[in-house]
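Listing of start37.pdb, PDB, C-alpha atoms
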```pdb
MODEL        1
ATOM      1  CA  MET Q   1     -38.241  32.521  -9.770
ATOM      2  CA  LEU Q   2     -39.104  31.995 -13.435
ATOM      3  CA  ALA Q   3     -42.351  33.355 -14.797
ATOM      4  CA  GLU Q   4     -45.337  31.186 -15.535
ATOM      5  CA  GLY Q   5     -45.337  30.303 -19.213
ATOM      6  CA  THR Q   6     -41.558  29.812 -19.415
ATOM      7  CA  PHE Q   7     -42.093  26.192 -20.455
ATOM      8  CA  ASP Q   8     -45.299  26.611 -22.441
ATOM      9  CA  GLY Q   9     -45.406  23.957 -25.174
ATOM     10  CA  LYS Q  10     -42.505  22.024 -23.652
ATOM     11  CA  VAL Q  11     -42.580  18.435 -22.422
ATOM     12  CA  ALA Q  12     -40.469  17.066 -19.577
ATOM     13  CA  ILE Q  13     -39.714  13.645 -18.149
ATOM     14  CA  VAL Q  14     -38.763  13.466 -14.458
ATOM     15  CA  THR Q  15     -37.543  10.157 -13.055
ATOM     16  CA  GLY Q  16     -38.082   9.504  -9.380
ATOM     17  CA  GLY Q  17     -41.014  11.868  -9.758
ATOM     18  CA  GLY Q  18     -43.302  10.314  -7.173
ATOM     19  CA  SER Q  19     -41.931  12.065  -4.111
ATOM     20  CA  GLY Q  20     -39.345  14.391  -2.650
ATOM     21  CA  LEU Q  21     -37.119  16.362  -4.950
ATOM     22  CA  GLY Q  22     -38.438  14.659  -8.093
ATOM     23  CA  ARG Q  23     -41.990  15.667  -7.266
ATOM     24  CA  ALA Q  24     -40.895  19.222  -6.456
ATOM     25  CA  ILE Q  25     -39.105  19.538  -9.811
ATOM     26  CA  ALA Q  26     -42.063  18.076 -11.690
ATOM     27  CA  LEU Q  27     -44.449  20.519 -10.000
ATOM     28  CA  GLU Q  28     -42.207  23.494 -10.697
ATOM     29  CA  LEU Q  29     -41.916  22.560 -14.374
ATOM     30  CA  GLY Q  30     -45.688  22.149 -14.489
ATOM     31  CA  ARG Q  31     -46.212  25.525 -12.820
ATOM     32  CA  LEU Q  32     -44.070  27.061 -15.532
ATOM     33  CA  GLY Q  33     -46.214  25.539 -18.282
ATOM     34  CA  ALA Q  34     -44.581  22.208 -19.119
ATOM     35  CA  SER Q  35     -46.413  18.947 -19.567
ATOM     36  CA  VAL Q  36     -44.630  16.437 -17.344
ATOM     37  CA  ALA Q  37     -44.288  12.659 -17.435
ATOM     38  CA  VAL Q  38     -43.220  11.303 -14.064
ATOM     39  CA  ALA Q  39     -41.512   7.938 -13.782
ATOM     40  CA  GLY Q  40     -40.846   5.639 -10.860
ATOM     41  CA  ARG Q  41     -41.342   2.049  -9.802
ATOM     42  CA  ARG Q  42     -44.462   2.566  -7.639
ATOM     43  CA  PRO Q  43     -47.613   3.790  -9.388
ATOM     44  CA  GLU Q  44     -49.379   5.289  -6.361
ATOM     45  CA  PRO Q  45     -46.897   8.119  -5.644
ATOM     46  CA  LEU Q  46     -46.739   8.901  -9.359
ATOM     47  CA  ASP Q  47     -50.519   9.217  -9.466
ATOM     48  CA  GLU Q  48     -50.362  11.630  -6.528
ATOM     49  CA  THR Q  49     -47.857  13.808  -8.396
ATOM     50  CA  VAL Q  50     -50.010  13.746 -11.534
ATOM     51  CA  ALA Q  51     -53.043  14.838  -9.500
ATOM     52  CA  LEU Q  52     -51.035  17.819  -8.239
ATOM     53  CA  LEU Q  53     -50.040  18.658 -11.818
ATOM     54  CA  ALA Q  54     -53.724  19.287 -12.553
ATOM     55  CA  GLY Q  55     -54.007  18.121 -16.126
ATOM     56  CA  ARG Q  56     -50.378  18.563 -17.133
ATOM     57  CA  GLY Q  57     -49.108  15.196 -15.958
ATOM     58  CA  LEU Q  58     -48.639  11.580 -17.016
ATOM     59  CA  ALA Q  59     -47.659   8.727 -14.707
ATOM     60  CA  VAL Q  60     -45.460   6.067 -16.308
ATOM     61  CA  PRO Q  61     -44.365   3.341 -13.870
ATOM     62  CA  THR Q  62     -40.800   2.579 -14.946
ATOM     63  CA  ASP Q  63     -37.765   0.667 -13.751
ATOM     64  CA  VAL Q  64     -34.972   2.860 -15.109
ATOM     65  CA  ARG Q  65     -32.591  -0.109 -15.005
ATOM     66  CA  ASP Q  66     -34.595  -1.802 -17.776
ATOM     67  CA  PRO Q  67     -33.751  -0.526 -21.299
ATOM     68  CA  GLU Q  68     -37.095  -1.646 -22.729
ATOM     69  CA  ALA Q  69     -39.006   0.045 -19.912
ATOM     70  CA  VAL Q  70     -37.073   3.277 -20.470
ATOM     71  CA  ASP Q  71     -37.786   3.182 -24.199
ATOM     72  CA  ALA Q  72     -41.457   2.644 -23.350
ATOM     73  CA  LEU Q  73     -41.353   5.669 -21.004
ATOM     74  CA  VAL Q  74     -40.175   7.940 -23.806
ATOM     75  CA  ALA Q  75     -42.636   6.397 -26.268
ATOM     76  CA  ALA Q  76     -45.553   6.911 -23.852
ATOM     77  CA  THR Q  77     -44.529  10.521 -23.293
ATOM     78  CA  VAL Q  78     -44.372  11.201 -27.023
ATOM     79  CA  GLU Q  79     -47.697   9.453 -27.589
ATOM     80  CA  GLU Q  80     -49.378  11.570 -24.894
ATOM     81  CA  PHE Q  81     -47.685  14.934 -25.399
ATOM     82  CA  GLY Q  82     -46.054  14.772 -28.847
ATOM     83  CA  ARG Q  83     -42.405  15.356 -27.972
ATOM     84  CA  VAL Q  84     -39.673  15.453 -25.289
ATOM     85  CA  ASP Q  85     -37.773  18.665 -24.480
ATOM     86  CA  VAL Q  86     -36.430  18.074 -20.971
ATOM     87  CA  LEU Q  87     -35.175  15.051 -19.060
ATOM     88  CA  VAL Q  88     -34.421  15.162 -15.338
ATOM     89  CA  ASN Q  89     -32.432  12.153 -14.108
ATOM     90  CA  ASN Q  90     -33.474  12.133 -10.457
ATOM     91  CA  ALA Q  91     -34.090   8.427  -9.753
ATOM     92  CA  ALA Q  92     -31.650   7.185  -7.129
ATOM     93  CA  GLY Q  93     -31.014   4.666  -4.409
ATOM     94  CA  ASN Q  94     -28.775   4.991  -1.382
ATOM     95  CA  PHE Q  95     -28.057   3.588   2.046
ATOM     96  CA  VAL Q  96     -25.190   4.044   4.462
ATOM     97  CA  VAL Q  97     -22.786   1.114   4.687
ATOM     98  CA  LYS Q  98     -19.067   0.582   5.197
ATOM     99  CA  ALA Q  99     -17.342  -0.339   1.946
ATOM    100  CA  GLU Q 100     -16.071  -3.617   3.379
ATOM    101  CA  ASP Q 101     -19.616  -4.574   4.331
ATOM    102  CA  LEU Q 102     -21.228  -3.622   1.013
ATOM    103  CA  SER Q 103     -22.432  -6.687  -0.864
ATOM    104  CA  PRO Q 104     -22.065  -7.048  -4.636
ATOM    105  CA  ASN Q 105     -25.850  -6.925  -4.906
ATOM    106  CA  GLY Q 106     -25.962  -3.724  -2.850
ATOM    107  CA  TRP Q 107     -23.349  -2.151  -5.110
ATOM    108  CA  ARG Q 108     -25.208  -3.199  -8.249
ATOM    109  CA  ALA Q 109     -28.564  -1.992  -6.943
ATOM    110  CA  VAL Q 110     -27.406   1.594  -6.430
ATOM    111  CA  VAL Q 111     -25.103   1.867  -9.443
ATOM    112  CA  SER Q 112     -27.758   0.348 -11.718
ATOM    113  CA  ILE Q 113     -30.408   2.869 -10.686
ATOM    114  CA  VAL Q 114     -28.211   5.956 -10.645
ATOM    115  CA  LEU Q 115     -25.645   5.440 -13.408
ATOM    116  CA  ASP Q 116     -27.162   2.811 -15.687
ATOM    117  CA  GLY Q 117     -30.582   4.399 -15.332
ATOM    118  CA  GLY Q 118     -29.169   7.848 -15.961
ATOM    119  CA  PHE Q 119     -27.523   6.684 -19.162
ATOM    120  CA  LEU Q 120     -30.491   4.681 -20.411
ATOM    121  CA  CYS Q 121     -32.871   7.596 -19.856
ATOM    122  CA  SER Q 122     -30.448  10.082 -21.418
ATOM    123  CA  ARG Q 123     -29.934   7.820 -24.406
ATOM    124  CA  ALA Q 124     -33.651   7.288 -25.024
ATOM    125  CA  ALA Q 125     -34.639  10.923 -24.475
ATOM    126  CA  GLY Q 126     -31.597  12.165 -26.383
ATOM    127  CA  LYS Q 127     -32.476  10.076 -29.432
ATOM    128  CA  GLN Q 128     -35.956  11.598 -29.379
ATOM    129  CA  MET Q 129     -34.551  15.118 -29.056
ATOM    130  CA  ILE Q 130     -32.122  14.499 -31.926
ATOM    131  CA  ALA Q 131     -34.969  13.234 -34.114
ATOM    132  CA  GLN Q 132     -37.052  16.323 -33.281
ATOM    133  CA  GLY Q 133     -34.184  18.522 -34.417
ATOM    134  CA  ASP Q 134     -34.666  21.511 -32.123
ATOM    135  CA  GLY Q 135     -32.537  20.752 -29.091
ATOM    136  CA  GLY Q 136     -33.372  19.973 -25.496
ATOM    137  CA  ALA Q 137     -32.031  19.845 -21.946
ATOM    138  CA  ILE Q 138     -30.874  16.959 -19.775
ATOM    139  CA  LEU Q 139     -30.338  17.516 -16.055
ATOM    140  CA  SER Q 140     -28.893  14.935 -13.667
ATOM    141  CA  VAL Q 141     -29.086  15.152  -9.884
ATOM    142  CA  ILE Q 142     -25.811  14.339  -8.133
ATOM    143  CA  ALA Q 143     -24.209  14.862  -4.712
ATOM    144  CA  SER Q 144     -20.987  16.578  -3.648
ATOM    145  CA  TYR Q 145     -19.392  13.298  -2.616
ATOM    146  CA  ALA Q 146     -19.078  12.681  -6.357
ATOM    147  CA  TRP Q 147     -15.890  14.766  -6.065
ATOM    148  CA  THR Q 148     -15.136  14.820  -2.331
ATOM    149  CA  GLY Q 149     -15.812  11.167  -1.595
ATOM    150  CA  GLY Q 150     -18.279  10.128   1.081
ATOM    151  CA  PRO Q 151     -17.518   7.490   3.706
ATOM    152  CA  GLY Q 152     -20.435   5.081   3.908
ATOM    153  CA  THR Q 153     -21.670   5.884   0.407
ATOM    154  CA  VAL Q 154     -19.041   4.332  -1.880
ATOM    155  CA  HIS Q 155     -21.720   2.915  -4.212
ATOM    156  CA  SER Q 156     -23.610   6.191  -4.573
ATOM    157  CA  ALA Q 157     -20.467   8.347  -4.724
ATOM    158  CA  ALA Q 158     -19.053   6.261  -7.555
ATOM    159  CA  ALA Q 159     -22.345   6.305  -9.444
ATOM    160  CA  LYS Q 160     -22.827  10.072  -9.033
ATOM    161  CA  ALA Q 161     -19.248  10.688 -10.202
ATOM    162  CA  GLY Q 162     -20.100   8.622 -13.250
ATOM    163  CA  LEU Q 163     -23.082  10.886 -13.908
ATOM    164  CA  VAL Q 164     -20.797  13.922 -13.881
ATOM    165  CA  ALA Q 165     -18.497  12.324 -16.460
ATOM    166  CA  MET Q 166     -21.477  11.244 -18.552
ATOM    167  CA  THR Q 167     -22.932  14.749 -18.428
ATOM    168  CA  ARG Q 168     -19.721  16.427 -19.556
ATOM    169  CA  THR Q 169     -19.332  13.935 -22.373
ATOM    170  CA  LEU Q 170     -22.907  14.348 -23.602
ATOM    171  CA  ALA Q 171     -22.556  18.135 -23.356
ATOM    172  CA  VAL Q 172     -19.839  18.034 -26.003
ATOM    173  CA  GLU Q 173     -21.148  15.151 -28.084
ATOM    174  CA  TRP Q 174     -24.727  16.447 -28.354
ATOM    175  CA  ALA Q 175     -23.990  20.174 -28.534
ATOM    176  CA  PRO Q 176     -24.275  20.110 -32.349
ATOM    177  CA  HIS Q 177     -27.881  18.931 -31.836
ATOM    178  CA  GLY Q 178     -28.632  21.822 -29.495
ATOM    179  CA  ILE Q 179     -28.956  19.465 -26.530
ATOM    180  CA  ARG Q 180     -27.523  20.783 -23.264
ATOM    181  CA  ALA Q 181     -26.497  18.508 -20.386
ATOM    182  CA  ASN Q 182     -25.937  19.759 -16.849
ATOM    183  CA  CYS Q 183     -26.048  18.605 -13.221
ATOM    184  CA  ILE Q 184     -27.392  20.017 -10.016
ATOM    185  CA  CYS Q 185     -25.812  19.116  -6.710
ATOM    186  CA  PRO Q 186     -28.228  19.621  -3.814
ATOM    187  CA  GLY Q 187     -26.965  19.541  -0.282
ATOM    188  CA  PRO Q 188     -28.912  17.953   2.592
ATOM    189  CA  THR Q 189     -32.549  18.437   1.646
ATOM    190  CA  ASP Q 190     -35.656  18.088   3.758
ATOM    191  CA  THR Q 191     -37.451  15.306   1.852
ATOM    192  CA  GLU Q 192     -39.560  12.359   2.920
ATOM    193  CA  GLY Q 193     -37.472   9.938   0.844
ATOM    194  CA  ALA Q 194     -33.685  10.088   1.052
ATOM    195  CA  GLY Q 195     -33.808  12.657   3.815
ATOM    196  CA  ALA Q 196     -36.015  10.521   6.008
ATOM    197  CA  ALA Q 197     -33.722   7.541   5.453
ATOM    198  CA  LEU Q 198     -30.450   9.360   6.121
ATOM    199  CA  TRP Q 199     -31.577  11.592   9.025
ATOM    200  CA  PRO Q 200     -34.767  10.019  10.420
ATOM    201  CA  THR Q 201     -34.923  11.763  13.821
ATOM    202  CA  GLU Q 202     -34.979  15.396  14.900
ATOM    203  CA  GLU Q 203     -31.595  14.854  16.533
ATOM    204  CA  ASP Q 204     -30.203  13.559  13.244
ATOM    205  CA  ARG Q 205     -31.689  16.528  11.381
ATOM    206  CA  ALA Q 206     -30.126  18.964  13.814
ATOM    207  CA  ARG Q 207     -26.764  17.214  13.545
ATOM    208  CA  VAL Q 208     -26.813  17.407   9.750
ATOM    209  CA  ALA Q 209     -28.037  21.013   9.707
ATOM    210  CA  ALA Q 210     -25.132  21.948  11.966
ATOM    211  CA  THR Q 211     -22.707  20.782   9.245
ATOM    212  CA  VAL Q 212     -24.155  23.297   6.769
ATOM    213  CA  PRO Q 213     -22.617  26.791   6.978
ATOM    214  CA  LEU Q 214     -26.056  28.351   6.405
ATOM    215  CA  GLY Q 215     -27.329  26.277   9.331
ATOM    216  CA  ARG Q 216     -30.318  24.499   7.813
ATOM    217  CA  LEU Q 217     -31.493  21.884   5.329
ATOM    218  CA  ALA Q 218     -32.610  22.888   1.847
ATOM    219  CA  THR Q 219     -36.274  22.792   0.919
ATOM    220  CA  PRO Q 220     -37.198  20.756  -2.168
ATOM    221  CA  HIS Q 221     -38.742  23.845  -3.761
ATOM    222  CA  GLU Q 222     -35.617  25.997  -3.591
ATOM    223  CA  VAL Q 223     -33.686  23.220  -5.344
ATOM    224  CA  ALA Q 224     -36.474  22.724  -7.877
ATOM    225  CA  VAL Q 225     -36.478  26.355  -9.018
ATOM    226  CA  TRP Q 226     -32.810  26.124  -9.958
ATOM    227  CA  ALA Q 227     -33.366  22.769 -11.660
ATOM    228  CA  ALA Q 228     -36.028  24.402 -13.809
ATOM    229  CA  ALA Q 229     -33.821  27.409 -14.502
ATOM    230  CA  LEU Q 230     -31.013  25.220 -15.852
ATOM    231  CA  CYS Q 231     -33.486  23.500 -18.177
ATOM    232  CA  SER Q 232     -34.952  26.789 -19.391
ATOM    233  CA  GLN Q 233     -34.138  29.063 -22.308
ATOM    234  CA  TYR Q 234     -32.381  31.418 -19.910
ATOM    235  CA  ALA Q 235     -29.600  28.845 -19.469
ATOM    236  CA  GLY Q 236     -29.270  28.320 -23.199
ATOM    237  CA  TYR Q 237     -25.503  28.930 -23.147
ATOM    238  CA  ILE Q 238     -24.761  26.690 -20.140
ATOM    239  CA  THR Q 239     -23.785  23.073 -20.728
ATOM    240  CA  GLY Q 240     -21.484  20.539 -19.098
ATOM    241  CA  GLU Q 241     -21.725  22.313 -15.732
ATOM    242  CA  THR Q 242     -22.715  21.425 -12.163
ATOM    243  CA  LEU Q 243     -24.661  23.905 -10.055
ATOM    244  CA  THR Q 244     -24.138  23.262  -6.348
ATOM    245  CA  ILE Q 245     -27.119  24.181  -4.127
ATOM    246  CA  ASP Q 246     -25.957  23.175  -0.662
ATOM    247  CA  GLY Q 247     -25.615  26.183   1.622
ATOM    248  CA  GLY Q 248     -21.836  25.791   1.508
ATOM    249  CA  HIS Q 249     -22.015  22.244   2.864
ATOM    250  CA  TRP Q 250     -19.293  20.721   0.721
ATOM    251  CA  LEU Q 251     -16.847  23.489   1.682
ATOM    252  CA  GLU Q 252     -16.840  22.485   5.333
TER     253      GLU Q 252
ENDMDL
END
```
Output the file's structure in the form of structure tokens.
Amino acid sequence: MLAEGTFDGKVAIVTGGGSGLGRAIALELGRLGASVAVAGRRPEPLDETVALLAGRGLAVPTDVRDPEAVDALVAATVEEFGRVDVLVNNAAGNFVVKAEDLSPNGWRAVVSIVLDGGFLCSRAAGKQMIAQGDGGAILSVIASYAWTGGPGTVHSAAAKAGLVAMTRTLAVEWAPHGIRANCICPGPTDTEGAGAALWPTEEDRARVAATVPLGRLATPHEVAVWAAALCSQYAGYITGETLTIDGGHWLE
């Protein structure tokens, strides 16, 4: 666990920051000293996260699919806190469906949030980091089916694979600016958002946990601490990489 003060003077943006893993990452960054802007489409959960940040937070309702809204998110963060040092691309959408039954609108909904939103946020935050001239960190949240494939999640798998390619490309392209780009790949995580949708009952939870070699779901906090670590000075020589935090799940 990183020491308090690791992110003193730093400013982070976390998309999908109103609940689940996004909230956990925002709170961990705040605990470590960062000021954190949290983005999402619903204001109420964002306000709850900001209240937990106890004076270090800013809620910016944002549709990450909208370029103007994303630009406004970065502008609001800079207006409030003066700069942007960290971006966490956590906003996502997902639902289980057979590929042959997936509608064009369903495909677009997930890909637009995950991949388009990830690019738009990276572009806007990256431009701010470049203008500041002293580097930064971009972290995108993916899933192991980005490389294994995942029956029932063709839309999300394709979008997450796109995030990996985007991350590796930005890692090289923005390295001269001191901007690092990495991914984390959580396994099944015990959250009220995606987790509740994908394994809503205790029987479902037990079934999923049984597929993890370590025999349990991840907690949001144990993923969040590694997310923060990758964005910290201690990972200053790591870029273009994916850290898998899944209890060995993808190896099964």
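Across the model, the gap from atom CA of Q:Leu243 to atom CA of Q:Asp71 is 28.3 Å.
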Note to self: Calculated over only C-alpha atoms, which of the candidates Q:Asp190, Q:Asp63, Q:Asp116, Q:Asp134 has the smallest distance to Q:Ser19?
What the structure shows: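 Counting only C-alpha atoms, the residue closest to Q:Ser19 is Q:Asp190.
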Next item on the list: Can you pull out every residue within 12 Å of Q:Ala146, counting all atoms listed in the file, but drop anything in the same chain fewer than 4 positions away, and send it as a ChimeraX atom specification?
Entry: /Q:141-142,150-151,153-165,183-186,242,244,250
Checklist line | Selected residue of minimal separation from Q:Gly18 among Q:Thr169, Q:Thr219, Q:Ser144, Q:Thr191, counting all atoms listed in the file | finding: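 Checking each candidate against Q:Gly18, we get Q:Thr191 as the closest.
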Next item on the list: Determine the residue set returned by the PyMOL selection byres ((chain Q and resi 107) around 12) for the present structure, and present it as a ChimeraX atom specification.
Entry: /Q:93-106,108-115,152-159
Next item on the list: Using the chain letters and numbers from the file, give me the residues hit by the PyMOL selection byres ((chain Q and resi 70) around 10), as an NGL selection string.
Entry: :Q and (39 or 60-69 or 71-76 or 117 or 120-125)
Next item on the list: Identify which of the residues Q:Val88, Q:Leu58, Q:Ala224, Q:Ala51 lies closest to Q:Glu28, counting only C-alpha atoms when measuring atom-to-atom distances.
Entry: Q:Ala224
Fewer than 4 positions away in the same chain doesn't count, so skip those; otherwise give me all residues within 12 Å of Q:Ala3, counting all atoms listed in the file, as a PDB file with C-alpha atoms, in the coordinates of the input.
```pdb
ATOM      1  CA  PHE Q   7     -42.093  26.192 -20.455  1.00  0.00           C
ATOM      2  CA  ASP Q   8     -45.299  26.611 -22.441  1.00  0.00           C
ATOM      3  CA  GLU Q  28     -42.207  23.494 -10.697  1.00  0.00           C
ATOM      4  CA  LEU Q  29     -41.916  22.560 -14.374  1.00  0.00           C
ATOM      5  CA  GLY Q  30     -45.688  22.149 -14.489  1.00  0.00           C
ATOM      6  CA  ARG Q  31     -46.212  25.525 -12.820  1.00  0.00           C
ATOM      7  CA  LEU Q  32     -44.070  27.061 -15.532  1.00  0.00           C
ATOM      8  CA  GLY Q  33     -46.214  25.539 -18.282  1.00  0.00           C
ATOM      9  CA  VAL Q 225     -36.478  26.355  -9.018  1.00  0.00           C
ATOM     10  CA  ALA Q 228     -36.028  24.402 -13.809  1.00  0.00           C
ATOM     11  CA  ALA Q 229     -33.821  27.409 -14.502  1.00  0.00           C
ATOM     12  CA  SER Q 232     -34.952  26.789 -19.391  1.00  0.00           C
ATOM     13  CA  GLN Q 233     -34.138  29.063 -22.308  1.00  0.00           C
ATOM     14  CA  TYR Q 234     -32.381  31.418 -19.910  1.00  0.00           C
TER      15      TYR Q 234
END
```
Notebook entry, point to check: For the file shown, what are the residues hit by the PyMOL selection byres ((chain Q and resi 177) around 10), laid out as a PyMOL selection string?
Noted result: chain Q and resi 126+129-136+172-176+178-180
Go ahead and write the residues just picked, C-alpha atoms, as a compact mmCIF listing (two decimals), in the frame of the given file.
```
# COMPACT_ATOMS: atom_id res chain seq x y z
CA GLY Q 126 -31.60 12.16 -26.38
CA MET Q 129 -34.55 15.12 -29.06
CA ILE Q 130 -32.12 14.50 -31.93
CA ALA Q 131 -34.97 13.23 -34.11
CA GLN Q 132 -37.05 16.32 -33.28
CA GLY Q 133 -34.18 18.52 -34.42
CA ASP Q 134 -34.67 21.51 -32.12
CA GLY Q 135 -32.54 20.75 -29.09
CA GLY Q 136 -33.37 19.97 -25.50
CA VAL Q 172 -19.84 18.03 -26.00
CA GLU Q 173 -21.15 15.15 -28.08
CA TRP Q 174 -24.73 16.45 -28.35
CA ALA Q 175 -23.99 20.17 -28.53
CA PRO Q 176 -24.28 20.11 -32.35
CA GLY Q 178 -28.63 21.82 -29.50
CA ILE Q 179 -28.96 19.46 -26.53
CA ARG Q 180 -27.52 20.78 -23.26
```
Check: For the atom pair atom CA of Q:Val208 and atom CA of Q:Glu48, what is the interatomic distance in Å to one decimal place?
Finding: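 Atom CA of Q:Glu48 lies at a distance of 29.2 Å from atom CA of Q:Val208.
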Check: Pick the closest to Q:Val11 from Q:Leu27, Q:Val84, Q:Leu53, Q:Leu170: which is it, counting all atoms listed in the file?
Finding: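 Under the stated criterion, the closest residue is Q:Val84.
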Next item on the list: Using atom CA of Q:Pro43 and atom CA of Q:Gly17 as the two end points, give the distance in Å to one decimal.
Entry: 10.4 Å
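Nearest-residue note for Q:Cys231: choosing from Q:Thr211, Q:Thr15, Q:Thr167, Q:Thr6, the minimum distance belongs to Q:Thr6, counting only C-alpha atoms.
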Check: Which residues, protein or nucleic acid, reach to within 7 Å of (-31.2, 15.7, -14.9) in the file's coordinates when using only C-alpha atoms, and can you give that as a PyMOL selection string?
Finding: chain Q and resi 87-90+138-141+182-183
